[in-house]
file query33.cif (mmCIF, C-alpha atoms and all ligand atoms; chains and numbers go by the auth columns)
data_data
loop_
_atom_site.group_PDB
_atom_site.id
_atom_site.type_symbol
_atom_site.label_atom_id
_atom_site.label_comp_id
_atom_site.label_asym_id
_atom_site.label_seq_id
_atom_site.Cartn_x
_atom_site.Cartn_y
_atom_site.Cartn_z
_atom_site.B_iso_or_equiv
_atom_site.auth_seq_id
_atom_site.auth_asym_id
ATOM 1 C CA MET A 1 122.975 113.317 62.938 0.00 70 A
ATOM 2 C CA ASP A 2 125.196 111.439 60.491 0.00 71 A
ATOM 3 C CA GLN A 3 126.788 108.966 62.881 0.00 72 A
ATOM 4 C CA SER A 4 125.532 105.439 63.425 0.00 73 A
ATOM 5 C CA SER A 5 124.762 104.301 66.949 0.00 74 A
ATOM 6 C CA GLU A 6 128.002 102.221 66.906 0.00 75 A
ATOM 7 C CA GLU A 7 130.010 105.336 66.077 0.00 76 A
ATOM 8 C CA LEU A 8 128.227 107.331 68.754 0.00 77 A
ATOM 9 C CA GLU A 9 128.964 104.622 71.282 0.00 78 A
ATOM 10 C CA LYS A 10 132.689 104.966 70.588 0.00 79 A
ATOM 11 C CA MET A 11 132.729 108.753 70.747 0.00 80 A
ATOM 12 C CA GLU A 12 134.207 110.529 73.765 0.00 81 A
ATOM 13 C CA PHE A 13 132.019 112.949 75.686 0.00 82 A
ATOM 14 C CA ASN A 14 134.547 114.412 78.079 0.00 83 A
ATOM 15 C CA ASP A 15 134.746 118.024 76.979 0.00 84 A
ATOM 16 C CA LYS A 16 133.850 120.904 79.185 0.00 85 A
ATOM 17 C CA PHE A 17 130.651 122.598 78.153 0.00 86 A
ATOM 18 C CA GLU A 18 130.590 126.363 78.427 0.00 87 A
ATOM 19 C CA LYS A 19 127.732 128.523 77.363 0.00 88 A
ATOM 20 C CA THR A 20 128.020 132.150 76.422 0.00 89 A
ATOM 21 C CA TYR A 21 125.802 134.483 78.380 0.00 90 A
ATOM 22 C CA SER A 22 123.275 134.910 75.571 0.00 91 A
ATOM 23 C CA GLU A 23 122.809 131.155 75.271 0.00 92 A
ATOM 24 C CA ILE A 24 121.747 130.695 78.865 0.00 93 A
ATOM 25 C CA SER A 25 118.011 130.160 78.909 0.00 94 A
ATOM 26 C CA ASN A 26 115.647 130.133 81.839 0.00 95 A
ATOM 27 C CA GLU A 27 115.659 126.383 81.678 0.00 96 A
ATOM 28 C CA ASP A 28 119.178 126.319 83.075 0.00 97 A
ATOM 29 C CA TYR A 29 117.927 127.838 86.291 0.00 98 A
ATOM 30 C CA ASP A 30 115.308 125.161 86.592 0.00 99 A
ATOM 31 C CA ASP A 31 116.509 122.054 88.469 0.00 100 A
ATOM 32 C CA GLU A 32 114.225 119.948 86.359 0.00 101 A
ATOM 33 C CA GLY A 33 115.597 121.209 83.035 0.00 102 A
ATOM 34 C CA ASN A 34 117.636 118.072 82.430 0.00 103 A
ATOM 35 C CA PHE A 35 116.191 114.648 82.922 0.00 104 A
ATOM 36 C CA CYS A 36 116.105 111.250 81.256 0.00 105 A
ATOM 37 C CA SER A 37 113.945 111.356 78.118 0.00 106 A
ATOM 38 C CA ILE A 38 113.015 107.690 78.603 0.00 107 A
ATOM 39 C CA CYS A 39 112.089 107.515 82.302 0.00 108 A
ATOM 40 C CA GLY A 40 111.995 111.125 83.536 0.00 109 A
ATOM 41 C CA SER A 41 114.633 110.563 86.232 0.00 110 A
ATOM 42 C CA LEU A 42 116.819 113.493 87.292 0.00 111 A
ATOM 43 C CA ASP A 43 119.579 110.993 87.993 0.00 112 A
ATOM 44 C CA ILE A 44 121.530 111.509 84.772 0.00 113 A
ATOM 45 C CA LYS A 45 125.140 112.087 83.841 0.00 114 A
ATOM 46 C CA ILE A 46 125.670 114.573 81.017 0.00 115 A
ATOM 47 C CA GLY A 47 128.710 114.491 78.737 0.00 116 A
ATOM 48 C CA TYR A 48 129.704 116.828 75.941 0.00 117 A
ATOM 49 C CA ASN A 49 131.673 116.428 72.715 0.00 118 A
ATOM 50 C CA LYS A 50 132.906 119.806 71.606 0.00 119 A
ATOM 51 C CA LYS A 51 134.040 118.882 68.089 0.00 120 A
ATOM 52 C CA GLU A 52 130.619 117.493 67.111 0.00 121 A
ATOM 53 C CA ASP A 53 128.712 119.770 69.486 0.00 122 A
ATOM 54 C CA MET A 54 126.812 116.802 70.887 0.00 123 A
ATOM 55 C CA PHE A 55 125.572 115.812 74.318 0.00 124 A
ATOM 56 C CA LYS A 56 125.303 112.393 75.863 0.00 125 A
ATOM 57 C CA TYR A 57 122.794 111.641 78.623 0.00 126 A
ATOM 58 C CA GLU A 58 123.351 108.516 80.681 0.00 127 A
ATOM 59 C CA CYS A 59 120.568 107.601 83.077 0.00 128 A
ATOM 60 C CA SER A 60 121.504 105.772 86.272 0.00 129 A
ATOM 61 C CA LYS A 61 117.910 104.786 86.904 0.00 130 A
ATOM 62 C CA CYS A 62 116.838 103.058 83.672 0.00 131 A
ATOM 63 C CA GLY A 63 120.313 102.646 82.130 0.00 132 A
ATOM 64 C CA SER A 64 119.415 104.368 78.862 0.00 133 A
ATOM 65 C CA ILE A 65 121.899 106.406 76.845 0.00 134 A
ATOM 66 C CA VAL A 66 120.684 109.184 74.578 0.00 135 A
ATOM 67 C CA VAL A 67 122.875 111.304 72.296 0.00 136 A
ATOM 68 C CA GLU A 68 121.615 114.670 71.166 0.00 137 A
ATOM 69 C CA ASP A 69 122.769 117.346 68.765 0.00 138 A
ATOM 70 C CA GLU A 70 121.165 120.622 67.755 0.00 139 A
ATOM 71 C CA GLY A 71 118.253 119.164 65.841 0.00 140 A
ATOM 72 C CA SER A 72 117.935 115.490 66.697 0.00 141 A
ATOM 73 C CA SER A 73 118.451 112.832 69.303 0.00 142 A
ATOM 74 C CA MET A 74 119.176 109.119 69.172 0.00 143 A
ATOM 75 C CA CYS A 75 118.694 106.528 71.865 0.00 144 A
ATOM 76 C CA ILE A 76 121.753 104.261 71.628 0.00 145 A
ATOM 77 C CA LYS A 77 120.855 102.139 74.650 0.00 146 A
ATOM 78 C CA GLY A 78 117.485 101.306 76.191 0.00 147 A
ATOM 79 C CA ASP A 79 113.918 101.233 74.880 0.00 148 A
ATOM 80 C CA GLU A 80 110.945 103.492 75.152 0.00 149 A
ATOM 81 C CA ARG A 81 109.048 102.838 78.312 0.00 150 A
ATOM 82 C CA ASP A 82 105.582 101.304 78.348 0.00 151 A
ATOM 83 C CA TRP A 83 104.319 103.654 81.060 0.00 152 A
ATOM 84 C CA PRO A 84 100.921 102.038 81.765 0.00 153 A
ATOM 85 C CA GLU A 85 102.578 98.665 82.255 0.00 154 A
ATOM 86 C CA TYR A 86 105.544 100.076 84.173 0.00 155 A
ATOM 87 C CA LEU A 87 103.475 102.119 86.604 0.00 156 A
ATOM 88 C CA SER A 88 100.913 99.373 87.229 0.00 157 A
ATOM 89 C CA GLU A 89 103.758 97.096 88.240 0.00 158 A
ATOM 90 C CA THR A 90 105.791 99.668 90.172 0.00 159 A
ATOM 91 C CA LEU A 91 103.336 101.813 92.107 0.00 160 A
ATOM 92 C CA LYS A 92 102.021 100.491 95.405 0.00 161 A
ATOM 93 C CA PHE A 93 98.236 100.809 95.727 0.00 162 A
ATOM 94 C CA PRO A 94 96.325 102.256 97.395 0.00 163 A
ATOM 95 C CA PHE A 95 98.008 105.546 98.192 0.00 164 A
ATOM 96 C CA ILE A 96 96.908 109.014 99.192 0.00 165 A
ATOM 97 C CA GLY A 97 97.291 111.657 96.519 0.00 166 A
ATOM 98 C CA GLU A 98 96.704 115.375 96.421 0.00 167 A
ATOM 99 C CA ILE A 99 94.842 117.063 93.548 0.00 168 A
ATOM 100 C CA THR A 100 97.221 119.686 92.162 0.00 169 A
ATOM 101 C CA GLU A 101 95.056 121.382 89.558 0.00 170 A
ATOM 102 C CA MET A 102 91.405 122.451 89.362 0.00 171 A
ATOM 103 C CA THR A 103 89.091 120.566 87.061 0.00 172 A
ATOM 104 C CA ASP A 104 87.317 122.656 84.408 0.00 173 A
ATOM 105 C CA ARG A 105 84.112 122.025 86.287 0.00 174 A
ATOM 106 C CA GLU A 106 85.439 123.465 89.534 0.00 175 A
ATOM 107 C CA PHE A 107 86.985 126.423 87.725 0.00 176 A
ATOM 108 C CA PHE A 108 83.966 127.386 85.633 0.00 177 A
ATOM 109 C CA ASN A 109 81.229 126.290 87.966 0.00 178 A
ATOM 110 C CA PRO A 110 82.404 126.884 91.550 0.00 179 A
ATOM 111 C CA ASP A 111 78.844 126.573 92.926 0.00 180 A
ATOM 112 C CA ASP A 112 78.678 122.996 91.741 0.00 181 A
ATOM 113 C CA PRO A 113 82.351 121.997 91.506 0.00 182 A
ATOM 114 C CA GLY A 114 81.891 118.231 91.354 0.00 183 A
ATOM 115 C CA PRO A 115 83.514 115.508 93.449 0.00 184 A
ATOM 116 C CA ILE A 116 87.198 116.263 92.725 0.00 185 A
ATOM 117 C CA LEU A 117 88.472 119.491 94.241 0.00 186 A
ATOM 118 C CA PHE A 118 91.813 121.266 94.050 0.00 187 A
ATOM 119 C CA MET A 119 94.081 120.352 96.976 0.00 188 A
ATOM 120 C CA ASP A 120 91.826 117.521 98.112 0.00 189 A
ATOM 121 C CA GLU A 121 93.519 114.435 99.476 0.00 190 A
ATOM 122 C CA VAL A 122 92.156 111.443 97.625 0.00 191 A
ATOM 123 C CA HIS A 123 92.394 107.675 97.749 0.00 192 A
ATOM 124 C CA VAL A 124 94.174 106.365 94.622 0.00 193 A
ATOM 125 C CA ALA A 125 93.082 102.786 94.043 0.00 194 A
ATOM 126 C CA ALA A 126 94.723 102.001 90.701 0.00 195 A
ATOM 127 C CA ILE A 127 95.726 103.512 87.380 0.00 196 A
ATOM 128 C CA ASP A 128 94.454 103.147 83.851 0.00 197 A
ATOM 129 C CA TYR A 129 95.313 104.501 80.418 0.00 198 A
ATOM 130 C CA SER A 130 93.222 107.110 78.647 0.00 199 A
ATOM 131 C CA PHE A 131 93.404 107.922 74.973 0.00 200 A
ATOM 132 C CA LYS A 132 93.057 111.598 75.814 0.00 201 A
ATOM 133 C CA TYR A 133 94.952 112.130 79.077 0.00 202 A
ATOM 134 C CA GLY A 134 97.605 109.405 79.180 0.00 203 A
ATOM 135 C CA ILE A 135 97.830 107.699 82.569 0.00 204 A
ATOM 136 C CA VAL A 136 94.828 108.353 84.783 0.00 205 A
ATOM 137 C CA ALA A 137 94.517 107.710 88.498 0.00 206 A
ATOM 138 C CA ILE A 138 91.428 105.797 89.595 0.00 207 A
ATOM 139 C CA LEU A 139 90.157 107.680 92.639 0.00 208 A
ATOM 140 C CA LYS A 140 87.771 106.257 95.185 0.00 209 A
ATOM 141 C CA ILE A 141 85.650 109.018 96.690 0.00 210 A
ATOM 142 C CA ASN A 142 82.645 108.226 98.884 0.00 211 A
ATOM 143 C CA ARG A 143 82.436 104.669 97.548 0.00 212 A
ATOM 144 C CA ARG A 144 82.399 105.805 93.927 0.00 213 A
ATOM 145 C CA TYR A 145 85.214 105.634 91.414 0.00 214 A
ATOM 146 C CA TYR A 146 86.462 108.527 89.301 0.00 215 A
ATOM 147 C CA GLU A 147 89.289 109.030 86.820 0.00 216 A
ATOM 148 C CA HIS A 148 91.716 111.915 87.030 0.00 217 A
ATOM 149 C CA PRO A 149 94.927 112.510 85.010 0.00 218 A
ATOM 150 C CA LEU A 150 97.930 111.301 87.007 0.00 219 A
ATOM 151 C CA CYS A 151 99.810 114.434 85.992 0.00 220 A
ATOM 152 C CA PHE A 152 97.527 116.306 88.426 0.00 221 A
ATOM 153 C CA VAL A 153 97.763 113.881 91.335 0.00 222 A
ATOM 154 C CA ASP A 154 100.837 113.952 93.591 0.00 223 A
ATOM 155 C CA PRO A 155 101.448 111.220 96.171 0.00 224 A
ATOM 156 C CA VAL A 156 101.217 112.964 99.550 0.00 225 A
ATOM 157 C CA ASP A 157 104.104 111.005 101.085 0.00 226 A
ATOM 158 C CA ASP A 158 107.105 112.636 99.423 0.00 227 A
ATOM 159 C CA GLU A 159 109.461 110.077 100.994 0.00 228 A
ATOM 160 C CA SER A 160 107.738 107.184 99.230 0.00 229 A
ATOM 161 C CA SER A 161 108.877 105.375 96.100 0.00 230 A
ATOM 162 C CA ASN A 162 105.423 106.172 94.660 0.00 231 A
ATOM 163 C CA TYR A 163 106.284 109.855 94.876 0.00 232 A
ATOM 164 C CA ASP A 164 109.525 109.437 92.898 0.00 233 A
ATOM 165 C CA GLU A 165 107.861 107.263 90.256 0.00 234 A
ATOM 166 C CA VAL A 166 104.910 109.616 89.755 0.00 235 A
ATOM 167 C CA LYS A 167 107.187 112.677 89.608 0.00 236 A
ATOM 168 C CA ASP A 168 109.397 110.962 86.997 0.00 237 A
ATOM 169 C CA TYR A 169 106.296 110.194 84.952 0.00 238 A
ATOM 170 C CA GLN A 170 104.960 113.758 85.241 0.00 239 A
ATOM 171 C CA ARG A 171 108.309 115.214 84.173 0.00 240 A
ATOM 172 C CA TRP A 172 108.502 112.873 81.192 0.00 241 A
ATOM 173 C CA ARG A 173 104.867 113.488 80.192 0.00 242 A
ATOM 174 C CA GLU A 174 105.215 117.231 80.259 0.00 243 A
ATOM 175 C CA ARG A 175 107.910 117.205 77.600 0.00 244 A
ATOM 176 C CA HIS A 176 107.648 113.930 75.694 0.00 245 A
ATOM 177 C CA TRP A 177 104.102 112.615 75.720 0.00 246 A
ATOM 178 C CA LEU A 178 101.970 113.211 72.665 0.00 247 A
ATOM 179 C CA SER A 179 98.309 112.598 73.316 0.00 248 A
ATOM 180 C CA ASP A 180 96.831 109.986 70.945 0.00 249 A
ATOM 181 C CA TYR A 181 93.826 112.281 70.844 0.00 250 A
ATOM 182 C CA ILE A 182 95.841 115.308 69.681 0.00 251 A
ATOM 183 C CA ALA A 183 97.728 113.098 67.214 0.00 252 A
ATOM 184 C CA ALA A 184 94.445 111.815 65.745 0.00 253 A
ATOM 185 C CA ILE A 185 93.024 115.346 65.470 0.00 254 A
ATOM 186 C CA SER A 186 96.081 116.766 63.756 0.00 255 A
ATOM 187 C CA GLU A 187 96.200 113.783 61.414 0.00 256 A
ATOM 188 C CA ALA A 188 92.537 114.304 60.476 0.00 257 A
ATOM 189 C CA PHE A 189 93.189 118.006 60.066 0.00 258 A
ATOM 190 C CA SER A 190 96.128 117.583 57.697 0.00 259 A
ATOM 191 C CA LYS A 191 94.183 114.943 55.745 0.00 260 A
ATOM 192 C CA ASN A 192 91.258 117.339 55.289 0.00 261 A
ATOM 193 C CA LYS A 193 93.622 120.000 54.191 0.00 262 A
ATOM 194 C CA SER A 194 95.233 117.832 51.521 0.00 263 A
ATOM 195 C CA ASP A 195 91.757 116.705 50.332 0.00 264 A
ATOM 196 C CA ASP A 196 90.866 120.354 49.749 0.00 265 A
ATOM 197 C CA GLU A 197 93.838 120.959 47.580 0.00 266 A
HETATM 198 ZN ZN ZN B . 116.108 106.906 82.616 0.00 1 B
#
call {"tool": "encode", "arguments": {"input": "query33.cif", "output": "structure tokens", "more": "lines below"}}
Ligand SMILES: [Zn+2]
result
Amino acid sequence: MDQSSEELEKMEFNDKFEKTYSEISNEDYDDEGNFCSICGSLDIKIGYNKKEDMFKYECSKCGSIVVEDEGSSMCIKGDERDWPEYLSETLKFPFIGEITEMTDREFFNPDDPGPILFMDEVHVAAIDYSFKYGIVAILKINRRYYEHPLCFVDPVDDESSNYDEVKDYQRWRERHWLSDYIAAISEAFSKNKSDDE
């Protein structure tokens, strides 16, 4: 986009947004299609500027404002969230979580599926950060500790603040998180490629 963040701040976003039938994607039928790109909250107000064909997303939870056009987006208020720090301070430990996806071990080796099973209720003692998986839950099972990606652990109490915070994180991670591991691999790959040339 050509505008500066000062110009974007002054712009009006009060136009009605209408999509033609062919522009309606499946995402529009999904309640979770629109959420804050900083904190994952669904609590956002969306404005539209027809002349520039731009959207403005204002988040009531973290206070961020993001403006988006066809190809780019700019955060004009708020900063990227430090998720490991935020969640360690915000989540209340311990809590009971449910495993929402099978591990590779359980899937490929059902006779010896390991300690973490799909749909198990587990004791979440803390969280940590993994280079490969992002935030991981530290699970305590039979007096031993295990790590499991937080994107596959849902707090069982869906009335708790933990539930909202974890769901916000999962939503954000699904669309915006780039694994350091994947980033390192693709960087190495493109470096190799340019060395060959
Ligand atoms: Zn937010």
call {"tool": "residues_around", "arguments": {"input": "query33.cif", "residues": "A:Tyr198", "least_positions_apart": "5", "cutoff": "10 Å", "atoms": "all atoms listed in the file", "output": "list in words"}}
result
Trp152, Pro153, Glu154, Gly203, Ile204, Val205, Ala206, Glu216, Pro218 and Leu219 of chain A
call {"tool": "residues_around", "arguments": {"input": "query33.cif", "residues": "stretch 133-137 of chain A", "least_positions_apart": "5", "cutoff": "6 Å", "atoms": "all atoms listed in the file", "output": "list in words"}}
result
Met123, Phe124, Lys125, Tyr126, Glu127, Cys128, Ser142, Met143, Cys144, Ile145, Lys146 and Gly147 of chain A
call {"tool": "resolve_selection", "arguments": {"input": "query33.cif", "expression": "the PyMOL selection byres (((chain A and resi 167) around 7) and not hetatm)", "output": "PyMOL selection string"}}
result
chain A and resi 165-166+168-169+188-191+222-225
call {"tool": "closest_residue", "arguments": {"input": "query33.cif", "among": "A:Phe104, A:Tyr214, A:Phe86, A:Tyr202", "to": "ligand ZN 1 (chain B)", "atoms": "only C-alpha atoms and all ligand atoms"}}
result
A:Phe104
call {"tool": "residues_near_ligand", "arguments": {"input": "query33.cif", "ligand": "ligand ZN 1 (chain B)", "cutoff": "7 Å", "atoms": "all atoms listed in the file", "output": "number ranges by chain"}}
result
A: 105-110, 128-133
call {"tool": "resolve_selection", "arguments": {"input": "query33.cif", "expression": "the PyMOL selection byres (((chain A and resi 159) around 12) and not hetatm)", "output": "PDB file with C-alpha atoms, keeping the file's coordinate frame"}}
result
ATOM      1  CA  ASP A 151     105.582 101.304  78.348  1.00  0.00           C
ATOM      2  CA  TRP A 152     104.319 103.654  81.060  1.00  0.00           C
ATOM      3  CA  PRO A 153     100.921 102.038  81.765  1.00  0.00           C
ATOM      4  CA  GLU A 154     102.578  98.665  82.255  1.00  0.00           C
ATOM      5  CA  TYR A 155     105.544 100.076  84.173  1.00  0.00           C
ATOM      6  CA  LEU A 156     103.475 102.119  86.604  1.00  0.00           C
ATOM      7  CA  SER A 157     100.913  99.373  87.229  1.00  0.00           C
ATOM      8  CA  GLU A 158     103.758  97.096  88.240  1.00  0.00           C
ATOM      9  CA  LEU A 160     103.336 101.813  92.107  1.00  0.00           C
ATOM     10  CA  LYS A 161     102.021 100.491  95.405  1.00  0.00           C
ATOM     11  CA  PHE A 162      98.236 100.809  95.727  1.00  0.00           C
ATOM     12  CA  ALA A 195      94.723 102.001  90.701  1.00  0.00           C
ATOM     13  CA  ILE A 196      95.726 103.512  87.380  1.00  0.00           C
ATOM     14  CA  SER A 229     107.738 107.184  99.230  1.00  0.00           C
ATOM     15  CA  SER A 230     108.877 105.375  96.100  1.00  0.00           C
ATOM     16  CA  ASN A 231     105.423 106.172  94.660  1.00  0.00           C
ATOM     17  CA  TYR A 232     106.284 109.855  94.876  1.00  0.00           C
ATOM     18  CA  ASP A 233     109.525 109.437  92.898  1.00  0.00           C
ATOM     19  CA  GLU A 234     107.861 107.263  90.256  1.00  0.00           C
ATOM     20  CA  VAL A 235     104.910 109.616  89.755  1.00  0.00           C
ATOM     21  CA  TYR A 238     106.296 110.194  84.952  1.00  0.00           C
TER      22      TYR A 238
END
call {"tool": "atom_distance", "arguments": {"input": "query33.cif", "atom1": "atom CA of A:Asp227", "atom2": "atom CA of A:Trp246"}}
result
23.9 Å
call {"tool": "atom_distance", "arguments": {"input": "query33.cif", "atom1": "atom CA of A:Gly116", "atom2": "atom CA of A:Phe82"}}
result
4.8 Å
call {"tool": "closest_residue", "arguments": {"input": "query33.cif", "among": "A:Phe221, A:Val193, A:Asn211, A:Glu256", "to": "A:Met171", "atoms": "all atoms listed in the file"}}
result
A:Phe221
